[in-house]
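Asks: The file below is work.cif, mmCIF, C-alpha atoms and all ligand atoms:
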data_query
#
loop_
_atom_site.label_atom_id
_atom_site.label_comp_id
_atom_site.auth_asym_id
_atom_site.auth_seq_id
_atom_site.Cartn_x
_atom_site.Cartn_y
_atom_site.Cartn_z
CA MET R 1177 4.47 13.21 -22.99
CA VAL R 1178 5.38 12.85 -19.35
CA ARG R 1179 7.69 15.46 -18.02
CA HIS R 1180 10.61 14.13 -15.99
CA ALA R 1181 11.16 14.90 -12.33
CA LYS R 1182 12.83 18.24 -11.91
CA ILE R 1183 15.55 18.45 -9.30
CA SER R 1184 16.83 21.93 -8.60
CA ILE R 1185 20.52 21.64 -7.82
CA MET R 1186 20.75 23.65 -4.62
CA LYS R 1187 22.60 21.10 -2.49
CA ASN R 1188 21.20 20.96 1.03
CA ASN R 1189 17.81 22.41 0.43
CA SER R 1190 17.15 20.93 -3.02
CA ILE R 1191 13.60 21.02 -4.27
CA LEU R 1192 12.15 17.97 -5.99
CA THR R 1193 9.09 18.55 -8.19
CA ILE R 1194 7.08 15.52 -9.28
CA ARG R 1195 3.75 14.98 -10.96
CA ARG R 1196 1.02 14.58 -8.33
CA PRO R 1197 1.31 11.02 -6.96
CA ASP R 1198 -1.20 8.31 -6.00
CA ASP R 1199 -1.29 5.83 -3.11
CA TRP R 1200 -1.96 2.34 -4.49
CA HIS R 1201 -2.68 0.74 -1.07
CA LEU R 1202 -4.51 2.63 1.65
CA HIS R 1203 -6.74 1.88 4.66
CA LEU R 1204 -9.20 4.69 5.35
CA ARG R 1205 -11.52 2.79 7.74
CA ASP R 1206 -14.96 4.35 8.09
CA GLY R 1207 -17.11 6.87 9.98
CA GLU R 1208 -15.56 9.79 11.87
CA LEU R 1209 -12.15 8.22 11.82
CA MET R 1210 -12.22 8.02 8.02
CA ALA R 1211 -13.12 11.68 7.80
CA GLY R 1212 -10.20 12.42 10.14
CA VAL R 1213 -7.51 10.49 8.28
CA LEU R 1214 -8.67 11.34 4.77
CA ALA R 1215 -7.17 14.83 4.82
CA ASP R 1216 -3.69 13.44 5.61
CA THR R 1217 -3.81 11.44 2.37
CA ALA R 1218 -5.65 13.97 0.20
CA LYS R 1219 -3.09 16.71 0.90
CA GLN R 1220 -0.47 14.66 -0.95
CA PHE R 1221 -2.18 12.16 -3.23
CA ALA R 1222 -4.69 12.63 -6.06
CA ARG R 1223 -6.08 9.09 -5.82
CA ALA R 1224 -5.77 6.03 -3.63
CA ILE R 1225 -6.72 2.37 -3.87
CA ILE R 1226 -9.03 1.97 -0.88
CA MET R 1227 -8.70 -1.33 0.95
CA PRO R 1228 -12.01 -3.15 1.59
CA ASN R 1229 -11.21 -4.70 5.01
CA LEU R 1230 -13.95 -2.93 6.92
CA LYS R 1231 -16.15 -4.68 9.48
CA PRO R 1232 -18.19 -6.09 7.74
CA PRO R 1233 -15.99 -6.28 4.63
CA VAL R 1234 -16.81 -4.60 1.33
CA THR R 1235 -17.77 -7.69 -0.67
CA LEU R 1236 -20.46 -6.22 -2.95
CA VAL R 1237 -20.46 -3.50 -5.59
CA SER R 1238 -23.38 -1.85 -3.77
CA GLN R 1239 -21.30 -1.68 -0.55
CA ALA R 1240 -18.31 -0.23 -2.43
CA GLU R 1241 -20.58 2.37 -4.02
CA ALA R 1242 -21.96 3.43 -0.63
CA TYR R 1243 -18.46 3.48 0.93
CA ARG R 1244 -17.18 5.61 -1.96
CA ALA R 1245 -20.04 8.06 -1.46
CA ARG R 1246 -19.19 8.33 2.26
CA ILE R 1247 -15.54 9.07 1.42
CA LEU R 1248 -16.47 11.74 -1.15
CA LYS R 1249 -18.87 13.33 1.33
CA ALA R 1250 -16.18 13.46 4.00
CA LEU R 1251 -13.71 15.33 1.77
CA PRO R 1252 -13.01 18.88 2.89
CA ASP R 1253 -14.44 21.51 0.50
CA GLY R 1254 -12.31 22.18 -2.55
CA VAL R 1255 -10.08 19.11 -2.06
CA ASP R 1256 -9.65 17.11 -5.21
CA PHE R 1257 -9.25 13.41 -4.35
CA GLN R 1258 -10.52 10.28 -6.05
CA PRO R 1259 -11.05 7.05 -4.09
CA LEU R 1260 -10.40 3.99 -6.26
CA MET R 1261 -12.54 1.27 -4.75
CA THR R 1262 -11.89 -2.47 -4.32
CA LEU R 1263 -13.91 -5.55 -3.42
CA TYR R 1264 -13.00 -8.06 -0.70
CA LEU R 1265 -12.77 -11.56 -2.20
CA THR R 1266 -14.50 -14.38 -0.33
CA GLU R 1267 -15.20 -17.99 -1.21
CA ALA R 1268 -18.77 -16.83 -1.93
CA THR R 1269 -17.88 -14.03 -4.39
CA ALA R 1270 -20.04 -14.60 -7.48
CA PRO R 1271 -18.41 -14.21 -10.92
CA ASP R 1272 -21.28 -11.85 -11.80
CA GLU R 1273 -20.26 -9.55 -8.96
CA ILE R 1274 -16.82 -9.23 -10.59
CA LEU R 1275 -18.46 -8.36 -13.92
CA ARG R 1276 -20.61 -5.76 -12.15
CA ALA R 1277 -17.49 -4.40 -10.45
CA LYS R 1278 -15.82 -3.92 -13.80
CA HIS R 1279 -18.90 -2.24 -15.28
CA SER R 1280 -19.20 0.09 -12.29
CA GLY R 1281 -16.17 2.03 -13.48
CA PHE R 1282 -15.23 2.93 -9.88
CA ILE R 1283 -13.89 -0.48 -8.76
CA HIS R 1284 -10.29 -1.06 -9.76
CA GLY R 1285 -9.28 -4.30 -8.08
CA VAL R 1286 -10.31 -7.25 -5.93
CA LYS R 1287 -8.45 -7.99 -2.72
CA LEU R 1288 -7.35 -11.44 -1.61
CA TYR R 1289 -6.84 -11.80 2.13
CA PRO R 1290 -5.90 -15.32 3.19
CA ALA R 1291 -8.25 -15.86 6.16
CA GLY R 1292 -6.43 -15.00 9.39
CA ALA R 1293 -3.36 -13.47 7.71
CA THR R 1294 -3.84 -9.88 8.87
CA THR R 1295 -6.19 -7.24 10.34
CA HIS R 1296 -9.86 -7.91 9.47
CA SER R 1297 -9.07 -10.89 7.27
CA ASP R 1298 -11.27 -13.48 9.01
CA ALA R 1299 -13.88 -13.26 6.22
CA GLY R 1300 -11.12 -13.90 3.68
CA VAL R 1301 -10.19 -16.99 1.67
CA ARG R 1302 -9.30 -20.36 3.24
CA ASP R 1303 -9.03 -22.31 0.01
CA LEU R 1304 -8.37 -20.40 -3.21
CA SER R 1305 -9.69 -23.28 -5.32
CA GLN R 1306 -13.16 -22.21 -4.06
CA CYS R 1307 -12.70 -18.91 -5.95
CA ASP R 1308 -12.26 -20.40 -9.43
CA GLY R 1309 -15.28 -18.61 -10.94
CA ALA R 1310 -14.27 -15.25 -9.49
CA LEU R 1311 -10.67 -15.63 -10.66
CA ARG R 1312 -11.83 -16.49 -14.19
CA ALA R 1313 -14.06 -13.41 -14.10
CA LEU R 1314 -11.03 -11.33 -13.10
CA GLU R 1315 -9.15 -12.68 -16.12
CA GLU R 1316 -12.11 -11.87 -18.35
CA THR R 1317 -12.49 -8.31 -17.07
CA GLY R 1318 -8.81 -7.46 -16.64
CA LEU R 1319 -9.40 -6.29 -13.06
CA PRO R 1320 -6.28 -7.07 -11.00
CA LEU R 1321 -6.17 -9.35 -7.96
CA LEU R 1322 -4.50 -7.46 -5.10
CA VAL R 1323 -2.82 -9.94 -2.78
CA HIS R 1324 -1.82 -9.96 0.88
CA ALA R 1325 0.85 -12.55 0.17
CA GLU R 1326 1.36 -14.53 3.38
CA VAL R 1327 0.44 -18.09 4.28
CA THR R 1328 -1.47 -18.51 7.53
CA ASN R 1329 -0.14 -21.91 8.58
CA PRO R 1330 1.06 -21.32 12.17
CA GLU R 1331 3.86 -23.84 11.63
CA VAL R 1332 5.48 -21.56 9.06
CA ASP R 1333 7.81 -19.03 10.71
CA ILE R 1334 6.29 -15.54 10.56
CA PHE R 1335 9.38 -14.23 8.74
CA ASP R 1336 8.98 -16.86 6.00
CA ARG R 1337 5.25 -16.55 5.34
CA GLU R 1338 5.57 -14.24 2.34
CA ALA R 1339 8.21 -16.32 0.54
CA VAL R 1340 6.22 -19.52 1.15
CA PHE R 1341 2.99 -17.94 -0.14
CA LEU R 1342 4.67 -16.83 -3.36
CA GLU R 1343 5.91 -20.32 -4.20
CA GLU R 1344 3.09 -22.44 -2.82
CA ILE R 1345 0.04 -20.31 -3.62
CA LEU R 1346 0.77 -17.46 -6.02
CA ARG R 1347 2.98 -19.25 -8.56
CA PRO R 1348 0.49 -22.09 -9.17
CA THR R 1349 -2.34 -19.52 -9.31
CA LEU R 1350 -0.55 -17.55 -12.03
CA ASP R 1351 -0.02 -20.81 -13.94
CA ARG R 1352 -3.68 -21.77 -13.63
CA TYR R 1353 -4.94 -18.32 -14.68
CA PRO R 1354 -2.56 -17.28 -17.46
CA THR R 1355 -3.97 -13.78 -17.99
CA LEU R 1356 -4.72 -12.88 -14.35
CA LYS R 1357 -3.19 -9.53 -13.37
CA VAL R 1358 -1.75 -9.44 -9.85
CA VAL R 1359 -0.40 -6.80 -7.49
CA VAL R 1360 1.66 -8.34 -4.72
CA GLU R 1361 0.92 -5.83 -1.98
CA HIS R 1362 3.44 -4.42 0.51
CA ILE R 1363 6.33 -6.73 -0.40
CA THR R 1364 8.91 -7.27 2.32
CA THR R 1365 11.50 -9.80 1.11
CA LYS R 1366 14.20 -10.33 -1.48
CA GLN R 1367 12.27 -13.43 -2.56
CA ALA R 1368 9.33 -11.19 -3.46
CA VAL R 1369 11.60 -8.86 -5.42
CA GLU R 1370 12.96 -11.84 -7.35
CA PHE R 1371 9.46 -13.17 -7.94
CA VAL R 1372 8.27 -9.86 -9.37
CA SER R 1373 11.43 -8.87 -11.25
CA LYS R 1374 11.80 -12.26 -12.95
CA GLY R 1375 8.08 -12.71 -13.56
CA GLU R 1376 5.77 -11.52 -16.29
CA ASP R 1377 4.55 -7.98 -16.89
CA ARG R 1378 1.13 -8.86 -15.48
CA VAL R 1379 2.62 -9.04 -11.97
CA ALA R 1380 3.54 -5.84 -10.10
CA ALA R 1381 4.17 -4.93 -6.46
CA THR R 1382 3.58 -2.09 -4.03
CA LEU R 1383 6.17 -1.02 -1.47
CA THR R 1384 5.57 0.82 1.79
CA ALA R 1385 7.74 3.62 3.15
CA HIS R 1386 8.30 1.78 6.42
CA HIS R 1387 9.63 -1.37 4.73
CA LEU R 1388 12.03 0.82 2.71
CA LEU R 1389 13.28 2.69 5.79
CA TYR R 1390 13.32 0.17 8.65
CA ASN R 1391 14.44 -3.38 9.29
CA ARG R 1392 13.23 -5.69 12.05
CA ASN R 1393 15.79 -4.44 14.58
CA ALA R 1394 13.78 -1.21 14.78
CA ILE R 1395 10.85 -3.08 16.39
CA PHE R 1396 13.07 -4.00 19.35
CA GLN R 1397 15.34 -0.98 19.66
CA GLY R 1398 15.61 -0.13 23.36
CA GLY R 1399 12.38 -2.02 24.11
CA ILE R 1400 9.36 -3.18 22.15
CA ARG R 1401 7.95 -0.58 19.74
CA PRO R 1402 4.39 -1.50 18.87
CA HIS R 1403 3.98 1.35 16.38
CA LEU R 1404 6.49 -0.38 14.10
CA TYR R 1405 4.52 -3.61 14.13
CA CYS R 1406 2.70 -4.27 10.86
CA LEU R 1407 2.02 -7.23 8.63
CA PRO R 1408 3.92 -8.53 6.82
CA VAL R 1409 6.33 -7.82 9.67
CA LEU R 1410 9.57 -5.89 8.98
CA LYS R 1411 12.38 -8.19 7.85
CA ARG R 1412 16.18 -8.25 8.21
CA GLU R 1413 18.44 -5.63 6.60
CA ALA R 1414 19.32 -7.70 3.50
CA HIS R 1415 15.63 -7.72 2.58
CA ARG R 1416 15.27 -3.97 3.13
CA GLN R 1417 18.23 -3.45 0.79
CA ALA R 1418 16.58 -5.60 -1.88
CA LEU R 1419 13.33 -3.64 -1.57
CA LEU R 1420 15.14 -0.33 -1.81
CA GLN R 1421 17.02 -1.52 -4.87
CA ALA R 1422 13.75 -2.62 -6.54
CA ALA R 1423 11.86 0.59 -5.71
CA THR R 1424 14.65 2.81 -6.99
CA SER R 1425 15.53 0.70 -10.05
CA GLY R 1426 13.15 2.52 -12.39
CA SER R 1427 11.27 -0.73 -13.09
CA VAL R 1428 7.61 -0.06 -13.92
CA ARG R 1429 6.63 -3.12 -11.89
CA TYR R 1430 7.10 -1.30 -8.58
CA PHE R 1431 4.95 1.50 -7.26
CA LEU R 1432 3.99 3.39 -4.15
CA GLY R 1433 1.46 1.90 -1.73
CA THR R 1434 1.69 3.26 1.80
CA ASP R 1435 -0.44 0.59 3.52
CA SER R 1436 -1.16 3.40 5.97
CA ALA R 1437 -3.31 1.55 8.51
CA PRO R 1438 -4.62 3.62 11.40
CA HIS R 1439 -5.15 1.85 14.72
CA ALA R 1440 -6.00 3.80 17.88
CA ARG R 1441 -2.99 4.22 20.17
CA HIS R 1442 -4.48 2.06 22.93
CA THR R 1443 -5.08 -0.85 20.54
CA LYS R 1444 -1.40 -0.89 19.60
CA GLU R 1445 0.02 -0.21 23.07
CA ASN R 1446 -1.69 -3.32 24.32
CA ALA R 1447 -0.93 -6.86 25.54
CA CYS R 1448 -2.05 -8.00 22.09
CA GLY R 1449 -1.37 -5.03 19.84
CA CYS R 1450 -2.90 -4.55 16.38
CA ALA R 1451 -0.82 -4.73 13.19
CA GLY R 1452 -0.51 -1.61 11.05
CA CYS R 1453 1.53 1.61 10.83
CA TYR R 1454 -0.03 5.03 10.38
CA THR R 1455 2.17 6.57 7.70
CA ALA R 1456 -0.25 8.78 5.76
CA TYR R 1457 0.67 11.88 7.76
CA SER R 1458 4.12 12.21 6.15
CA ALA R 1459 4.15 9.51 3.50
CA LEU R 1460 5.86 11.43 0.70
CA GLU R 1461 8.56 12.83 2.98
CA LEU R 1462 9.34 9.30 4.21
CA TYR R 1463 9.51 7.81 0.73
CA VAL R 1464 11.66 10.58 -0.69
CA GLU R 1465 14.06 10.15 2.23
CA ALA R 1466 14.42 6.46 1.29
CA PHE R 1467 15.10 7.34 -2.37
CA ASP R 1468 17.54 10.08 -1.38
CA SER R 1469 19.46 7.63 0.85
CA VAL R 1470 20.60 5.80 -2.30
CA ASN R 1471 20.86 8.89 -4.56
CA ALA R 1472 17.85 7.80 -6.60
CA LEU R 1473 15.69 10.93 -6.61
CA ALA R 1474 15.55 10.74 -10.41
CA HIS R 1475 13.45 7.56 -10.12
CA PHE R 1476 11.04 8.86 -7.49
CA GLU R 1477 8.47 10.30 -9.89
CA GLY R 1478 8.12 7.03 -11.79
CA PHE R 1479 7.57 5.09 -8.57
CA ALA R 1480 5.16 7.60 -7.02
CA SER R 1481 3.27 8.99 -10.00
CA LEU R 1482 3.71 7.03 -13.23
CA HIS R 1483 4.08 3.25 -12.80
CA GLY R 1484 0.83 2.76 -10.85
CA PRO R 1485 -1.42 4.50 -13.39
CA ALA R 1486 0.26 2.54 -16.19
CA PHE R 1487 -0.44 -0.79 -14.48
CA TYR R 1488 -4.04 0.09 -13.61
CA GLY R 1489 -4.72 1.60 -17.05
CA LEU R 1490 -5.48 5.06 -15.69
CA PRO R 1491 -4.19 8.47 -16.81
CA VAL R 1492 -1.42 10.17 -14.87
CA ASN R 1493 -2.48 13.12 -12.72
CA GLU R 1494 -2.41 16.75 -13.66
CA GLY R 1495 -0.56 19.05 -11.33
CA HIS R 1496 2.62 18.64 -9.33
CA VAL R 1497 3.84 18.48 -5.75
CA ARG R 1498 7.12 19.84 -4.43
CA LEU R 1499 9.35 18.46 -1.71
CA GLN R 1500 12.30 20.25 -0.18
CA ARG R 1501 15.31 18.78 1.56
CA THR R 1502 14.80 20.75 4.75
CA PRO R 1503 14.00 19.01 8.02
CA SER R 1504 10.51 18.91 9.42
CA GLU R 1505 9.10 17.18 12.48
CA VAL R 1506 6.32 14.64 12.95
CA PRO R 1507 4.02 15.43 15.91
CA ALA R 1508 4.34 13.12 18.93
CA HIS R 1509 0.72 12.10 18.45
CA LEU R 1510 -2.29 12.93 16.28
CA VAL R 1511 -6.00 13.07 17.00
CA ARG R 1512 -8.21 11.99 14.13
CA GLY R 1513 -11.98 11.64 14.45
CA GLY R 1514 -11.55 12.15 18.21
CA ILE R 1515 -9.15 9.16 18.46
CA GLU R 1516 -5.45 9.31 19.32
CA PHE R 1517 -2.90 7.88 16.87
CA ILE R 1518 0.84 7.60 16.89
CA PRO R 1519 2.14 8.26 13.36
CA LEU R 1520 5.33 6.70 12.04
CA ARG R 1521 8.37 8.75 13.21
CA ALA R 1522 6.27 10.39 15.94
CA GLY R 1523 8.19 13.17 17.67
CA GLU R 1524 11.17 12.66 15.37
CA ALA R 1525 12.64 14.49 12.40
CA LEU R 1526 12.00 13.98 8.72
CA ALA R 1527 14.81 14.92 6.34
CA TRP R 1528 12.37 16.41 3.79
CA SER R 1529 9.35 18.71 3.89
CA LEU R 1530 6.32 18.79 1.65
CA LEU R 1531 5.83 22.29 0.18
CA ASP R 1532 2.54 23.81 -1.10
C1 LIG J 1601 -3.54 -3.66 7.74
C2 LIG J 1601 -4.76 -3.08 8.51
O1 LIG J 1601 -4.58 -2.66 9.66
O2 LIG J 1601 -5.85 -3.03 7.94
N1 LIG J 1601 -2.50 -3.94 8.69
C3 LIG J 1601 -1.18 -4.15 8.41
O3 LIG J 1601 -0.44 -4.50 9.32
N2 LIG J 1601 -0.67 -3.96 7.21
C4 LIG J 1601 -3.97 -4.86 6.95
C5 LIG J 1601 -3.00 -5.26 5.86
O4 LIG J 1601 -2.73 -4.49 4.95
O5 LIG J 1601 -2.48 -6.38 5.87
ZN ZN J 1602 -1.97 -6.72 3.89
ZN ZN J 1603 -2.90 -2.93 3.92
#
Now that the file is in, can you turn its structure into structure tokens?
Ligand code: NCD
Ligand code: ZN
Ligand code: ZN

Replies:
Amino acid sequence: MVRHAKISIMKNNSILTIRRPDDWHLHLRDGELMAGVLADTAKQFARAIIMPNLKPPVTLVSQAEAYRARILKALPDGVDFQPLMTLYLTEATAPDEILRAKHSGFIHGVKLYPAGATTHSDAGVRDLSQCDGALRALEETGLPLLVHAEVTNPEVDIFDREAVFLEEILRPTLDRYPTLKVVVEHITTKQAVEFVSKGEDRVAATLTAHHLLYNRNAIFQGGIRPHLYCLPVLKREAHRQALLQAATSGSVRYFLGTDSAPHARHTKENACGCAGCYTAYSALELYVEAFDSVNALAHFEGFASLHGPAFYGLPVNEGHVRLQRTPSEVPAHLVRGGIEFIPLRAGEALAWSLLD
């Protein structure tokens, strides 16, 4: 039996205790940087789905195995954290590789990047019909397809690319593969909420903290703010409201995925800045603030700790984390693996603090 979130009624400095959560969408990168950012995630989350968009991408089980070993080796002593690995789908992915992925026991999903849609997606898929064998193997194994759901056609307005992808690519794909499990990653629109809420149980979605807390005005407030630029890009307020409603509804189809995506400060503060927000540093505090803003703390544990494991067929975590409604501050910058990063909310206050 799963114990329900405990909220101590102490008004301003309430403490929220939830079962230890997981991050179902995370970029750790590699090398020294990976070792640097890993601790930010591992202090809060027991497990994370590790995105495969390295350079070169993680397309083979053998590469995922080696990457997993590097992550485990980089963990600080005594820290209990499990990386849940993924493969990067290409038009050359062999169905046998999907079967091997399933048998590995450490690969939990296969990621679809439409080529050119986002950071390190150039090796991704141009024409999904070329992936028929791999998609059938996913159906056979039950491994989910994790989707960056945006079309890449430059004629489609950047704010419409998610909604167009869902209707033009994902809906026909779900029809063609009637048992394919799909996670629509980092959803940003009310169309995505409708798609997931009205769809079948085999389709779920992750939501980031930044899409729950900010709308597109924030990117331009007082000047251009490159650290709020990510893909899919933040949308207008009506979409943020729809996302918040979905996340806090208690529906098992929605779960936490930070999409924390570290890019060195100078690559974001640049004439052509990279897409991605570094949110791992204070992910739980940011999410709980979003839930608190609509008086939905009672649904936070499901979103953060229960719905993801249920979808992926994994047990829930042992142990708990505690958050307190007392302000804390995010540092103005962070250095990880010798590289400078600007985390989300840098130099500003958080309404909640992570205890323990
Ligand atoms: C991600 C990254 O930097 O790897 N960037 C982003 O803006 N979200 C890629 C992705 O998740 O699309
Ligand atoms: Zn993405
Ligand atoms: Zn991502």

Asks: What residues have any atom no more than 12 Å from ligand ZN 1603 (chain J) when counting only C-alpha atoms and all ligand atoms, and can you list them as a PyMOL selection string?

Replies: chain R and resi 1199-1205+1225-1230+1287-1289+1293-1297+1322-1325+1360-1363+1382-1384+1406-1409+1433-1438+1451-1455

Asks: Under the rule that all atoms listed in the file are counted, which of R:Lys1278, R:Arg1195, R:Arg1498, R:His1387 is the nearest residue to ligand LIG 1601 (chain J)?

Replies: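 Using all atoms listed in the file, the shortest distance to ligand LIG 1601 (chain J) belongs to R:His1387.
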
Asks: Please determine an axis-aligned box that encloses all atoms of ligand LIG 1601 (chain J) listed in the file, with 6 Å added on each side, and express its centre and edge lengths in Å to one decimal as AutoDock Vina command-line options.

Replies:
--center_x -3.1 --center_y -4.5 --center_z 7.3 --size_x 17.4 --size_y 15.7 --size_z 16.7

Asks: To one decimal in Å, tell me the separation between atom CA of R:Phe1467 and atom CA of R:Arg1223.

Replies: 21.5 Å

Asks: Measuring between all atoms listed in the file, which one of R:Ala1440, R:Ala1299, R:Val1213, R:Val1327 shows the shortest distance to R:Glu1344?

Replies: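 Closest to R:Glu1344 of all the choices is R:Val1327.
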
Asks: To one decimal place in Å, what is the distance between atom CA of R:Asp1272 and atom CA of R:Ser1305?

Replies: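 Computing it gives 17.5 Å between the two atoms.
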
Asks: Mind listing whatever residues come within 10 Å of the point (6.1, 4.1, -12.4)? Use all atoms listed in the file, file coordinates, and give them as a PyMOL selection string.

Replies: chain R and resi 1423+1426-1432+1475-1487+1492

Asks: Kindly give the distance, in Å, that separates atom CA of R:Val1506 and atom CA of R:Asn1471, rounded to a single decimal.

Replies: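 So the two atoms, atom CA of R:Val1506 and atom CA of R:Asn1471, lie 23.5 Å apart.
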
Asks: Which residues, written as an mmCIF file with C-alpha atoms, in the coordinates of the input, have at least one atom at most 9 Å from R:Glu1208, with all atoms listed in the file counted and residues fewer than 5 positions away on the same chain left out?

Replies:
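Result file follows (around01.cif):
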data_model
loop_
_atom_site.group_PDB
_atom_site.id
_atom_site.type_symbol
_atom_site.label_atom_id
_atom_site.label_comp_id
_atom_site.auth_asym_id
_atom_site.auth_seq_id
_atom_site.Cartn_x
_atom_site.Cartn_y
_atom_site.Cartn_z
ATOM 1 C CA VAL R 1213 -7.510 10.490 8.280
ATOM 2 C CA ALA R 1250 -16.180 13.460 4.000
ATOM 3 C CA ARG R 1512 -8.210 11.990 14.130
ATOM 4 C CA GLY R 1513 -11.980 11.640 14.450
ATOM 5 C CA GLY R 1514 -11.550 12.150 18.210
#

Asks: If we count all atoms listed in the file, what is near R:Tyr1243 at a cut-off of 12 Å, once residues fewer than 5 positions away on the same chain are taken out, given as a list in words?

Replies: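 Selected residues are Leu1204, Arg1205, Asp1206, Gly1207, Met1210, Ala1211, Ile1226, Met1227, Pro1228, Asn1229, Leu1230, Pro1232, Pro1233, Val1234, Thr1235, Leu1236, Val1237, Ser1238, Leu1248, Lys1249, Ala1250, Pro1259, Leu1260, Met1261, Thr1262, Leu1263, Phe1282 and Ile1283 of chain R.
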
Asks: Give the answer as one residue: which of R:Leu1342, R:Leu1460, R:Tyr1353, R:Ala1385 has the shortest atom-to-atom distance to R:Ala1218, using all atoms listed in the file?

Replies: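 Closest candidate: R:Leu1460.
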
Asks: Quick one: residues within 8 Å of stretch 1394-1402 of chain R, all atoms listed in the file counted, chain neighbours fewer than 4 positions away excluded, as a PDB file with C-alpha atoms, keeping the file's coordinate frame?

Replies:
ATOM      1  CA  TYR R1390      13.320   0.170   8.650  1.00  0.00           C
ATOM      2  CA  LYS R1444      -1.400  -0.890  19.600  1.00  0.00           C
ATOM      3  CA  GLU R1445       0.020  -0.210  23.070  1.00  0.00           C
ATOM      4  CA  GLY R1449      -1.370  -5.030  19.840  1.00  0.00           C
TER       5      GLY R1449
END

Asks: Considering all atoms listed in the file, state which residue in the set R:Asp1198, R:Asp1333, R:Asp1256, R:Glu1338 is at the smallest distance from ligand ZN 1602 (chain J).

Replies: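 Ranked by minimum distance to ligand ZN 1602 (chain J), first place goes to R:Glu1338.
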
Asks: Regenerate stretch 1329-1341 of chain R at the level of N, CA, C and O atoms and dump it as a JSON list (two decimals), in the coordinates of the input.

Replies:
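And here's selection19.json as it stands now:
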[["chain", "number", "residue", "atom", "x", "y", "z"],
["R", 1329, "ASN", "N", -0.51, -20.72, 7.82],
["R", 1329, "ASN", "CA", -0.14, -21.91, 8.58],
["R", 1329, "ASN", "C", 0.75, -21.53, 9.77],
["R", 1329, "ASN", "O", 1.87, -21.04, 9.58],
["R", 1330, "PRO", "N", 0.28, -21.77, 11.00],
["R", 1330, "PRO", "CA", 1.06, -21.32, 12.17],
["R", 1330, "PRO", "C", 2.40, -22.05, 12.29],
["R", 1330, "PRO", "O", 3.30, -21.59, 13.02],
["R", 1331, "GLU", "N", 2.57, -23.14, 11.57],
["R", 1331, "GLU", "CA", 3.86, -23.84, 11.63],
["R", 1331, "GLU", "C", 4.92, -23.16, 10.78],
["R", 1331, "GLU", "O", 6.11, -23.43, 10.92],
["R", 1332, "VAL", "N", 4.50, -22.28, 9.88],
["R", 1332, "VAL", "CA", 5.48, -21.56, 9.06],
["R", 1332, "VAL", "C", 5.94, -20.34, 9.85],
["R", 1332, "VAL", "O", 5.11, -19.55, 10.34],
["R", 1333, "ASP", "N", 7.25, -20.17, 9.98],
["R", 1333, "ASP", "CA", 7.81, -19.03, 10.71],
["R", 1333, "ASP", "C", 7.26, -17.73, 10.13],
["R", 1333, "ASP", "O", 7.16, -17.56, 8.92],
["R", 1334, "ILE", "N", 6.93, -16.79, 11.02],
["R", 1334, "ILE", "CA", 6.29, -15.54, 10.56],
["R", 1334, "ILE", "C", 7.17, -14.78, 9.56],
["R", 1334, "ILE", "O", 6.65, -14.11, 8.66],
["R", 1335, "PHE", "N", 8.50, -14.93, 9.67],
["R", 1335, "PHE", "CA", 9.38, -14.23, 8.74],
["R", 1335, "PHE", "C", 9.45, -14.91, 7.36],
["R", 1335, "PHE", "O", 9.99, -14.34, 6.43],
["R", 1336, "ASP", "N", 8.93, -16.13, 7.27],
["R", 1336, "ASP", "CA", 8.98, -16.86, 6.00],
["R", 1336, "ASP", "C", 7.64, -16.90, 5.27],
["R", 1336, "ASP", "O", 7.53, -17.47, 4.19],
["R", 1337, "ARG", "N", 6.61, -16.32, 5.88],
["R", 1337, "ARG", "CA", 5.25, -16.55, 5.34],
["R", 1337, "ARG", "C", 5.03, -15.95, 3.96],
["R", 1337, "ARG", "O", 4.24, -16.45, 3.18],
["R", 1338, "GLU", "N", 5.72, -14.85, 3.67],
["R", 1338, "GLU", "CA", 5.57, -14.24, 2.34],
["R", 1338, "GLU", "C", 6.23, -15.13, 1.28],
["R", 1338, "GLU", "O", 5.61, -15.45, 0.26],
["R", 1339, "ALA", "N", 7.48, -15.51, 1.53],
["R", 1339, "ALA", "CA", 8.21, -16.32, 0.54],
["R", 1339, "ALA", "C", 7.47, -17.63, 0.27],
["R", 1339, "ALA", "O", 7.38, -18.09, -0.88],
["R", 1340, "VAL", "N", 6.93, -18.26, 1.32],
["R", 1340, "VAL", "CA", 6.22, -19.52, 1.15],
["R", 1340, "VAL", "C", 4.93, -19.31, 0.34],
["R", 1340, "VAL", "O", 4.61, -20.09, -0.55],
["R", 1341, "PHE", "N", 4.22, -18.22, 0.62],
["R", 1341, "PHE", "CA", 2.99, -17.94, -0.14],
["R", 1341, "PHE", "C", 3.29, -17.80, -1.63],
["R", 1341, "PHE", "O", 2.57, -18.32, -2.49]]
